[in-house]
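Novice: I am sharing input18.cif, which consists of mmCIF, C-alpha atoms:
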```cif
data_final
loop_
_atom_site.group_PDB
_atom_site.id
_atom_site.type_symbol
_atom_site.label_atom_id
_atom_site.label_comp_id
_atom_site.auth_asym_id
_atom_site.auth_seq_id
_atom_site.Cartn_x
_atom_site.Cartn_y
_atom_site.Cartn_z
ATOM 1 C CA MET A 1 1.260 11.343 -13.786
ATOM 2 C CA ALA A 2 3.013 14.617 -13.079
ATOM 3 C CA LEU A 3 3.473 16.483 -9.835
ATOM 4 C CA LYS A 4 1.399 19.580 -9.205
ATOM 5 C CA THR A 5 2.688 22.662 -7.357
ATOM 6 C CA PHE A 6 0.880 25.857 -6.380
ATOM 7 C CA LYS A 7 1.595 29.559 -6.413
ATOM 8 C CA PRO A 8 2.520 30.734 -2.888
ATOM 9 C CA TYR A 9 -0.683 32.629 -2.125
ATOM 10 C CA THR A 10 -0.454 31.240 1.412
ATOM 11 C CA LYS A 11 2.333 29.753 3.511
ATOM 12 C CA SER A 12 0.912 26.269 3.048
ATOM 13 C CA THR A 13 0.536 26.407 -0.746
ATOM 14 C CA ARG A 14 4.187 27.413 -1.025
ATOM 15 C CA GLY A 15 5.255 23.991 0.228
ATOM 16 C CA THR A 16 2.397 21.815 -1.048
ATOM 17 C CA VAL A 17 3.183 19.243 -3.756
ATOM 18 C CA VAL A 18 0.493 16.795 -4.899
ATOM 19 C CA VAL A 19 0.035 14.348 -7.756
ATOM 20 C CA ASP A 20 -1.920 15.678 -10.745
ATOM 21 C CA LYS A 21 -5.054 13.511 -11.051
ATOM 22 C CA SER A 22 -6.595 15.329 -14.033
ATOM 23 C CA SER A 23 -6.461 12.195 -16.219
ATOM 24 C CA LEU A 24 -8.374 10.038 -13.710
ATOM 25 C CA TRP A 25 -12.107 9.335 -13.612
ATOM 26 C CA LYS A 26 -13.918 12.352 -12.139
ATOM 27 C CA GLY A 27 -17.262 10.731 -11.288
ATOM 28 C CA SER A 28 -18.454 8.525 -8.440
ATOM 29 C CA PRO A 29 -17.145 4.956 -7.979
ATOM 30 C CA TYR A 30 -19.058 1.960 -9.363
ATOM 31 C CA LYS A 31 -21.696 1.604 -6.627
ATOM 32 C CA PRO A 32 -22.149 -2.228 -6.573
ATOM 33 C CA LEU A 33 -18.424 -2.548 -5.765
ATOM 34 C CA THR A 34 -18.482 -0.170 -2.781
ATOM 35 C CA LYS A 35 -19.491 -0.504 0.853
ATOM 36 C CA GLY A 36 -19.592 1.736 3.906
ATOM 37 C CA GLN A 37 -16.846 1.933 6.498
ATOM 38 C CA ASN A 38 -16.930 2.152 10.275
ATOM 39 C CA PHE A 39 -14.387 4.640 11.626
ATOM 40 C CA THR A 40 -13.340 3.730 15.177
ATOM 41 C CA GLY A 41 -11.249 6.800 16.024
ATOM 42 C CA GLY A 42 -8.606 4.369 17.332
ATOM 43 C CA ARG A 43 -10.945 3.006 20.036
ATOM 44 C CA ASN A 44 -11.773 -0.596 20.877
ATOM 45 C CA ASN A 45 -15.141 -2.105 21.896
ATOM 46 C CA TYR A 46 -14.749 -0.654 25.413
ATOM 47 C CA GLY A 47 -14.310 2.865 24.010
ATOM 48 C CA ARG A 48 -10.681 3.010 25.078
ATOM 49 C CA ILE A 49 -8.013 4.416 22.771
ATOM 50 C CA THR A 50 -5.784 1.556 21.585
ATOM 51 C CA SER A 51 -4.310 3.322 18.521
ATOM 52 C CA ARG A 52 -3.300 6.901 19.218
ATOM 53 C CA HIS A 53 -3.510 9.887 16.864
ATOM 54 C CA ILE A 54 -6.474 8.589 14.851
ATOM 55 C CA GLY A 55 -9.775 10.396 14.348
ATOM 56 C CA GLY A 56 -11.784 12.719 12.145
ATOM 57 C CA GLY A 57 -11.011 12.730 8.457
ATOM 58 C CA SER A 58 -13.155 12.812 5.335
ATOM 59 C CA LYS A 59 -15.921 10.272 4.962
ATOM 60 C CA HIS A 60 -15.534 7.912 2.006
ATOM 61 C CA LYS A 61 -16.711 4.526 0.795
ATOM 62 C CA PHE A 62 -14.544 1.419 0.626
ATOM 63 C CA ARG A 63 -13.879 0.042 -2.865
ATOM 64 C CA ILE A 64 -13.997 -3.773 -3.080
ATOM 65 C CA ILE A 65 -10.806 -4.829 -4.885
ATOM 66 C CA ASP A 66 -10.328 -8.204 -6.603
ATOM 67 C CA PHE A 67 -6.957 -9.412 -5.299
ATOM 68 C CA PHE A 68 -7.723 -12.993 -6.413
ATOM 69 C CA ARG A 69 -8.316 -12.616 -10.192
ATOM 70 C CA LYS A 70 -10.401 -15.794 -10.067
ATOM 71 C CA LYS A 71 -12.137 -15.367 -13.446
ATOM 72 C CA LYS A 72 -9.735 -17.423 -15.540
ATOM 73 C CA ASN A 73 -9.207 -17.149 -19.294
ATOM 74 C CA ILE A 74 -11.971 -14.544 -19.707
ATOM 75 C CA SER A 75 -10.783 -11.326 -21.299
ATOM 76 C CA ALA A 76 -11.666 -8.012 -19.630
ATOM 77 C CA THR A 77 -11.556 -4.429 -20.892
ATOM 78 C CA VAL A 78 -10.359 -1.510 -18.767
ATOM 79 C CA GLU A 79 -13.289 0.917 -18.515
ATOM 80 C CA ARG A 80 -11.593 3.629 -16.463
ATOM 81 C CA ILE A 81 -8.782 4.436 -14.017
ATOM 82 C CA GLU A 82 -9.906 5.797 -10.633
ATOM 83 C CA TYR A 83 -8.505 7.339 -7.483
ATOM 84 C CA ASP A 84 -9.013 5.258 -4.328
ATOM 85 C CA PRO A 85 -8.946 7.124 -0.987
ATOM 86 C CA ASN A 86 -8.188 3.872 0.848
ATOM 87 C CA ARG A 87 -4.811 3.179 -0.800
ATOM 88 C CA THR A 88 -1.880 4.939 -2.444
ATOM 89 C CA ALA A 89 -2.209 3.078 -5.774
ATOM 90 C CA TYR A 90 -4.837 3.849 -8.390
ATOM 91 C CA ILE A 91 -7.496 1.265 -9.229
ATOM 92 C CA ALA A 92 -8.907 0.165 -12.586
ATOM 93 C CA LEU A 93 -12.522 -0.793 -13.238
ATOM 94 C CA ILE A 94 -12.541 -3.733 -15.657
ATOM 95 C CA SER A 95 -15.502 -5.272 -17.472
ATOM 96 C CA TYR A 96 -15.374 -8.966 -18.433
ATOM 97 C CA GLU A 97 -16.880 -10.422 -21.595
ATOM 98 C CA ASP A 98 -19.785 -11.779 -19.523
ATOM 99 C CA LYS A 99 -20.539 -8.167 -18.388
ATOM 100 C CA GLU A 100 -19.291 -8.698 -14.815
ATOM 101 C CA LYS A 101 -17.229 -5.815 -13.446
ATOM 102 C CA SER A 102 -14.492 -5.676 -10.824
ATOM 103 C CA TYR A 103 -11.819 -3.367 -9.458
ATOM 104 C CA ILE A 104 -8.132 -4.330 -9.676
ATOM 105 C CA ILE A 105 -4.918 -2.624 -8.586
ATOM 106 C CA CYS A 106 -3.921 -0.537 -11.588
ATOM 107 C CA PRO A 107 -0.383 -1.178 -12.889
ATOM 108 C CA GLN A 108 1.676 1.616 -14.391
ATOM 109 C CA GLY A 109 1.044 2.067 -18.114
ATOM 110 C CA LEU A 110 -2.426 0.495 -18.156
ATOM 111 C CA LYS A 111 -4.872 2.687 -20.093
ATOM 112 C CA GLN A 112 -8.584 2.864 -20.773
ATOM 113 C CA GLY A 113 -9.568 0.343 -23.450
ATOM 114 C CA ASP A 114 -6.682 -2.066 -22.768
ATOM 115 C CA LYS A 115 -7.405 -5.796 -22.482
ATOM 116 C CA VAL A 116 -6.341 -7.850 -19.442
ATOM 117 C CA ILE A 117 -6.759 -11.532 -18.683
ATOM 118 C CA SER A 118 -5.983 -14.013 -15.933
ATOM 119 C CA GLY A 119 -5.230 -17.730 -16.282
ATOM 120 C CA LYS A 120 -2.778 -20.229 -17.756
ATOM 121 C CA ASN A 121 -0.734 -19.681 -20.898
ATOM 122 C CA VAL A 122 -1.667 -15.995 -21.130
ATOM 123 C CA GLU A 123 0.577 -13.349 -22.661
ATOM 124 C CA ILE A 124 3.274 -11.761 -20.470
ATOM 125 C CA LYS A 125 1.740 -8.292 -20.627
ATOM 126 C CA THR A 126 1.113 -5.513 -18.112
ATOM 127 C CA GLY A 127 -2.085 -6.217 -16.170
ATOM 128 C CA ASN A 128 -2.265 -9.919 -16.980
ATOM 129 C CA SER A 129 -2.302 -12.331 -14.048
ATOM 130 C CA LEU A 130 -0.829 -15.834 -14.034
ATOM 131 C CA GLU A 131 1.017 -18.360 -11.870
ATOM 132 C CA LEU A 132 4.626 -17.644 -10.901
ATOM 133 C CA LYS A 133 5.859 -20.843 -12.600
ATOM 134 C CA ASP A 134 4.627 -19.476 -15.965
ATOM 135 C CA ILE A 135 6.446 -16.124 -15.623
ATOM 136 C CA PRO A 136 10.024 -15.810 -16.979
ATOM 137 C CA PRO A 137 12.790 -14.815 -14.522
ATOM 138 C CA GLY A 138 13.635 -11.108 -14.395
ATOM 139 C CA THR A 139 10.008 -9.989 -14.814
ATOM 140 C CA LEU A 140 8.640 -7.213 -12.591
ATOM 141 C CA ILE A 141 5.429 -8.307 -10.851
ATOM 142 C CA HIS A 142 3.010 -7.070 -8.171
ATOM 143 C CA ASN A 143 -0.043 -8.270 -6.177
ATOM 144 C CA VAL A 144 1.718 -11.558 -5.375
ATOM 145 C CA GLU A 145 0.086 -14.314 -3.315
ATOM 146 C CA LEU A 146 1.913 -15.896 -0.371
ATOM 147 C CA ILE A 147 -0.408 -18.924 -0.278
ATOM 148 C CA PRO A 148 -2.071 -20.285 -3.451
ATOM 149 C CA GLY A 149 -5.674 -19.085 -3.692
ATOM 150 C CA ASN A 150 -5.339 -16.693 -0.738
ATOM 151 C CA GLY A 151 -5.267 -13.450 -2.741
ATOM 152 C CA GLY A 152 -2.434 -11.048 -3.475
ATOM 153 C CA LYS A 153 -0.574 -9.808 -0.402
ATOM 154 C CA LEU A 154 2.818 -8.508 -1.593
ATOM 155 C CA ALA A 155 3.568 -5.310 -3.589
ATOM 156 C CA ARG A 156 0.196 -3.565 -3.607
ATOM 157 C CA SER A 157 1.175 0.028 -2.715
ATOM 158 C CA ALA A 158 2.010 2.837 -5.151
ATOM 159 C CA GLY A 159 5.135 2.343 -7.256
ATOM 160 C CA SER A 160 6.038 -1.014 -5.699
ATOM 161 C CA SER A 161 7.124 -4.133 -7.554
ATOM 162 C CA ILE A 162 8.882 -7.465 -7.026
ATOM 163 C CA THR A 163 11.546 -9.030 -9.224
ATOM 164 C CA LEU A 164 11.174 -12.718 -10.015
ATOM 165 C CA SER A 165 14.786 -13.929 -9.681
ATOM 166 C CA GLY A 166 14.418 -17.622 -10.492
ATOM 167 C CA TYR A 167 13.164 -20.969 -9.267
ATOM 168 C CA ASP A 168 14.151 -23.552 -6.670
ATOM 169 C CA GLY A 169 12.132 -26.744 -7.044
ATOM 170 C CA ASP A 170 8.471 -25.983 -6.278
ATOM 171 C CA TYR A 171 9.308 -22.455 -5.155
ATOM 172 C CA ALA A 172 9.884 -19.166 -6.950
ATOM 173 C CA ILE A 173 12.606 -16.847 -5.619
ATOM 174 C CA LEU A 174 11.423 -13.245 -5.233
ATOM 175 C CA ARG A 175 13.463 -10.120 -4.527
ATOM 176 C CA LEU A 176 11.321 -7.565 -2.706
ATOM 177 C CA SER A 177 11.824 -3.793 -2.855
ATOM 178 C CA SER A 178 12.816 -3.845 0.838
ATOM 179 C CA GLY A 179 15.883 -5.918 -0.085
ATOM 180 C CA GLU A 180 14.465 -9.153 1.294
ATOM 181 C CA THR A 181 14.802 -12.307 -0.808
ATOM 182 C CA ARG A 182 12.303 -15.058 -0.120
ATOM 183 C CA LYS A 183 10.733 -18.200 -1.577
ATOM 184 C CA VAL A 184 7.059 -18.396 -2.533
ATOM 185 C CA ASN A 185 5.119 -21.399 -3.853
ATOM 186 C CA SER A 186 5.314 -21.282 -7.647
ATOM 187 C CA ASN A 187 1.558 -22.023 -7.911
ATOM 188 C CA CYS A 188 0.809 -18.577 -6.454
ATOM 189 C CA ILE A 189 -0.743 -15.926 -8.685
ATOM 190 C CA ALA A 190 1.024 -12.669 -9.566
ATOM 191 C CA THR A 191 0.221 -9.750 -11.871
ATOM 192 C CA ILE A 192 2.665 -8.421 -14.460
ATOM 193 C CA GLY A 193 3.958 -4.852 -14.106
ATOM 194 C CA VAL A 194 4.740 -2.142 -11.562
ATOM 195 C CA VAL A 195 1.987 -0.600 -9.420
ATOM 196 C CA SER A 196 0.743 2.802 -10.605
ATOM 197 C CA ASN A 197 1.299 6.247 -9.043
ATOM 198 C CA PRO A 198 5.090 6.098 -8.453
ATOM 199 C CA ASP A 199 5.103 9.855 -7.638
ATOM 200 C CA GLN A 200 3.267 9.172 -4.367
ATOM 201 C CA LYS A 201 6.616 9.292 -2.532
ATOM 202 C CA ASN A 202 7.193 12.891 -3.704
ATOM 203 C CA ILE A 203 4.025 14.326 -2.172
ATOM 204 C CA LYS A 204 4.428 17.130 0.401
ATOM 205 C CA ILE A 205 1.423 17.601 2.680
ATOM 206 C CA GLY A 206 2.079 21.342 3.079
ATOM 207 C CA LYS A 207 -0.089 21.943 6.141
ATOM 208 C CA ALA A 208 -1.414 20.193 9.234
ATOM 209 C CA GLY A 209 -4.997 20.418 7.977
ATOM 210 C CA ARG A 210 -4.329 18.001 5.133
ATOM 211 C CA SER A 211 -3.268 15.391 7.674
ATOM 212 C CA ARG A 212 -6.504 16.001 9.585
ATOM 213 C CA TRP A 213 -8.457 15.372 6.353
ATOM 214 C CA ARG A 214 -6.759 11.969 6.236
ATOM 215 C CA GLY A 215 -7.816 11.096 9.771
ATOM 216 C CA LYS A 216 -4.439 11.763 11.410
ATOM 217 C CA ARG A 217 -4.588 13.728 14.650
ATOM 218 C CA PRO A 218 -1.698 15.761 16.144
ATOM 219 C CA GLN A 219 1.080 13.982 18.037
ATOM 220 C CA THR A 220 2.665 15.551 21.122
ATOM 221 C CA ARG A 221 6.416 15.005 21.590
ATOM 222 C CA GLY A 222 7.438 13.060 24.666
ATOM 223 C CA VAL A 223 10.024 15.676 25.688
ATOM 224 C CA ALA A 224 7.227 18.258 25.924
ATOM 225 C CA MET A 225 5.378 16.175 28.537
ATOM 226 C CA ASN A 226 5.744 15.717 32.272
ATOM 227 C CA PRO A 227 7.600 12.704 33.733
ATOM 228 C CA VAL A 228 4.280 11.146 34.776
ATOM 229 C CA ASP A 229 3.135 11.086 31.137
ATOM 230 C CA HIS A 230 6.244 9.957 29.255
ATOM 231 C CA PRO A 231 9.777 8.620 30.006
ATOM 232 C CA HIS A 232 11.213 11.594 28.060
ATOM 233 C CA GLY A 233 9.271 14.147 30.088
ATOM 234 C CA GLY A 234 10.469 16.627 32.699
ATOM 235 C CA GLY A 235 13.912 18.169 33.226
ATOM 236 C CA GLU A 236 15.080 21.751 33.461
ATOM 237 C CA GLY A 237 14.951 23.640 30.158
ATOM 238 C CA LYS A 238 14.841 21.872 26.828
ATOM 239 C CA THR A 239 16.211 18.468 27.800
ATOM 240 C CA SER A 240 15.863 15.302 25.744
ATOM 241 C CA GLY A 241 14.880 13.228 28.737
ATOM 242 C CA GLY A 242 18.334 11.988 29.689
ATOM 243 C CA ARG A 243 17.831 8.473 28.341
ATOM 244 C CA SER A 244 17.770 6.573 25.049
ATOM 245 C CA PRO A 245 14.614 7.148 22.986
ATOM 246 C CA VAL A 246 11.713 4.916 23.990
ATOM 247 C CA SER A 247 7.969 4.650 23.483
ATOM 248 C CA PRO A 248 5.562 5.958 26.164
ATOM 249 C CA TRP A 249 5.655 2.449 27.652
ATOM 250 C CA GLY A 250 9.443 2.182 27.741
ATOM 251 C CA GLN A 251 10.096 0.075 24.641
ATOM 252 C CA SER A 252 13.325 1.019 22.858
ATOM 253 C CA ALA A 253 13.021 3.032 19.633
ATOM 254 C CA LYS A 254 16.556 2.123 18.532
ATOM 255 C CA GLY A 255 15.824 -0.995 16.537
ATOM 256 C CA LEU A 256 14.545 -3.442 19.149
ATOM 257 C CA LYS A 257 13.245 -6.443 17.198
ATOM 258 C CA THR A 258 9.526 -6.938 17.830
ATOM 259 C CA ARG A 259 8.687 -9.288 14.935
ATOM 260 C CA ARG A 260 7.373 -12.584 16.222
ATOM 261 C CA PRO A 261 8.664 -15.825 14.651
ATOM 262 C CA LYS A 262 6.447 -17.079 11.823
ATOM 263 C CA ARG A 263 6.195 -20.417 10.073
ATOM 264 C CA SER A 264 7.200 -18.755 6.802
ATOM 265 C CA ASP A 265 10.544 -17.580 8.289
ATOM 266 C CA LYS A 266 12.219 -20.671 6.830
ATOM 267 C CA LEU A 267 11.335 -19.382 3.338
ATOM 268 C CA ILE A 268 13.247 -16.110 3.823
ATOM 269 C CA ILE A 269 16.680 -16.393 2.175
ATOM 270 C CA THR A 270 18.064 -12.970 3.108
ATOM 271 C CA ARG A 271 16.489 -10.417 5.437
ATOM 272 C CA ARG A 272 15.569 -6.910 4.369
ATOM 273 C CA LYS A 273 18.129 -4.124 4.447
ATOM 274 C CA LYS A 274 18.445 -2.231 7.715
ATOM 275 C CA ARG A 275 17.454 1.408 7.699
ATOM 276 C CA LYS A 276 20.333 3.839 8.232
#
```
Taking this structure as input, can you express it in the form of structure tokens?
Specialist:
Amino acid sequence: MALKTFKPYTKSTRGTVVVDKSSLWKGSPYKPLTKGQNFTGGRNNYGRITSRHIGGGSKHKFRIIDFFRKKKNISATVERIEYDPNRTAYIALISYEDKEKSYIICPQGLKQGDKVISGKNVEIKTGNSLELKDIPPGTLIHNVELIPGNGGKLARSAGSSITLSGYDGDYAILRLSSGETRKVNSNCIATIGVVSNPDQKNIKIGKAGRSRWRGKRPQTRGVAMNPVDHPHGGGEGKTSGGRSPVSPWGQSAKGLKTRRPKRSDKLIITRRKKRK
């Protein structure tokens, strides 16, 4: 996929950069694998805003993705590659030999007409899904389970992948794109290849309206508020609030650790790299 730029007929088109989707399916999604969505506008069951800056946006259906790849040792053919408004990666509609269809996360390089399969002793080929213990070290994988049979959880966004570094007893050692190295049960399922649409990171929105189409509402800076509304508010002239940056509720924005301890913490070998 290539990037698409526009002639500067307007101020917004001058800076807009999007991914060229001309090679993707142009029709509607496969209807039996879609369902409606409820858009909350960031409000809870009391009608109170619990997630700010959410609302509006284009209406679209949710595509039901098969993160489990439970149909074992049955070959499937890729019918088409589609855009999914609910995720950054593209999705592929596959048709099994028994005529059942499903959507999967599309890996980079997968094309219409290609064959994919899930199960034991399958070929190490892009789009095939198998257990970690059957994959050779050094292979790039995505859609990796954390618990056997629980569905893929890791490396599902555009351009992401995980490197299988090796094995330690009943565990596989994975190196994530964040820099974290962790152990995962070697009976977990993973899919071969890198997730499609790597140019997603190069997109430039170009104008505020495109964010509104995505359901993102404007965000007011704290320093533009009054002291009653935000800790950064008030002051004479353009002041930054006179204190270290915090959230509207006073929580530090300078790297305060908010991650709660989890049972899987013991499986993390090295933590992810800190952002500069």
Novice: How would you write, as a ChimeraX atom specification, the residues chosen by the PyMOL selection byres ((chain A and resi 225) around 12) on this structure?
Specialist: /A:219-224,226-235,238-241,248
Novice: Fewer than 5 positions away in the same chain doesn't count, so skip those; otherwise give me all residues within 10 Å of range 66-76 of chain A, counting all atoms listed in the file, as a count of residues only.
Specialist: 40
Novice: Please enumerate the residues selected by the PyMOL selection byres ((chain A and resi 88) around 8) when evaluated against the supplied file, formatted as a PyMOL selection string.
Specialist: chain A and resi 84-87+89-90+157-158+197+200
Novice: Dump C-alpha atoms for the selected residues as a PDB file, keeping the file's coordinate frame?
Specialist:
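Result went into again.pdb, see below:
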```
ATOM      1  CA  ASP A  84      -9.013   5.258  -4.328  1.00  0.00           C
ATOM      2  CA  PRO A  85      -8.946   7.124  -0.987  1.00  0.00           C
ATOM      3  CA  ASN A  86      -8.188   3.872   0.848  1.00  0.00           C
ATOM      4  CA  ARG A  87      -4.811   3.179  -0.800  1.00  0.00           C
ATOM      5  CA  ALA A  89      -2.209   3.078  -5.774  1.00  0.00           C
ATOM      6  CA  TYR A  90      -4.837   3.849  -8.390  1.00  0.00           C
ATOM      7  CA  SER A 157       1.175   0.028  -2.715  1.00  0.00           C
ATOM      8  CA  ALA A 158       2.010   2.837  -5.151  1.00  0.00           C
ATOM      9  CA  ASN A 197       1.299   6.247  -9.043  1.00  0.00           C
ATOM     10  CA  GLN A 200       3.267   9.172  -4.367  1.00  0.00           C
TER      11      GLN A 200
END
```
Novice: Mind telling me what the PyMOL selection byres ((chain A and resi 272) around 10) catches here, as an mmCIF file with C-alpha atoms, in the frame of the given file?
Specialist:
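Output (expr_3.cif):
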```cif
data_model
loop_
_atom_site.group_PDB
_atom_site.id
_atom_site.type_symbol
_atom_site.label_atom_id
_atom_site.label_comp_id
_atom_site.auth_asym_id
_atom_site.auth_seq_id
_atom_site.Cartn_x
_atom_site.Cartn_y
_atom_site.Cartn_z
ATOM 1 C CA ARG A 175 13.463 -10.120 -4.527
ATOM 2 C CA LEU A 176 11.321 -7.565 -2.706
ATOM 3 C CA SER A 177 11.824 -3.793 -2.855
ATOM 4 C CA SER A 178 12.816 -3.845 0.838
ATOM 5 C CA GLY A 179 15.883 -5.918 -0.085
ATOM 6 C CA GLU A 180 14.465 -9.153 1.294
ATOM 7 C CA THR A 181 14.802 -12.307 -0.808
ATOM 8 C CA ARG A 182 12.303 -15.058 -0.120
ATOM 9 C CA ILE A 268 13.247 -16.110 3.823
ATOM 10 C CA ILE A 269 16.680 -16.393 2.175
ATOM 11 C CA THR A 270 18.064 -12.970 3.108
ATOM 12 C CA ARG A 271 16.489 -10.417 5.437
ATOM 13 C CA LYS A 273 18.129 -4.124 4.447
ATOM 14 C CA LYS A 274 18.445 -2.231 7.715
ATOM 15 C CA ARG A 275 17.454 1.408 7.699
#
```
Novice: What's the separation between CA of Ile192 in chain A and CA of Asp265 in chain A, in Å to one decimal place?
Specialist: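 Those two atoms sit 25.8 Å apart.
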Novice: With only C-alpha atoms as the basis for distance, which of A:Ser247, A:Asn185, A:Arg214, A:Glu82 is at the shortest distance from Ser58 in chain A?
Specialist: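 Looking at the shortest contact to Ser58 in chain A, the residue is A:Arg214.
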Novice: In Å, how far is it from CA of Trp25 in chain A to CA of Gln108 in chain A?
Specialist: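 Those two atoms sit 15.8 Å apart.
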Novice: Rounded to one decimal place, report the CA of Val194 in chain A-CA of Leu3 in chain A distance in Å.
Specialist: 18.7 Å
Novice: Using all atoms listed in the file, determine which residues lie at most 9 Å from range 9-15 of chain A, disregarding the query and same-chain residues fewer than 4 positions distant; provide the list as a PDB file with C-alpha atoms, in the frame of the given file.
Specialist:
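Written out: out_9.pdb:
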```pdb
ATOM      1  CA  THR A   5       2.688  22.662  -7.357  1.00  0.00           C
ATOM      2  CA  LYS A 204       4.428  17.130   0.401  1.00  0.00           C
ATOM      3  CA  ILE A 205       1.423  17.601   2.680  1.00  0.00           C
ATOM      4  CA  GLY A 206       2.079  21.342   3.079  1.00  0.00           C
ATOM      5  CA  LYS A 207      -0.089  21.943   6.141  1.00  0.00           C
ATOM      6  CA  ALA A 208      -1.414  20.193   9.234  1.00  0.00           C
TER       7      ALA A 208
END
```
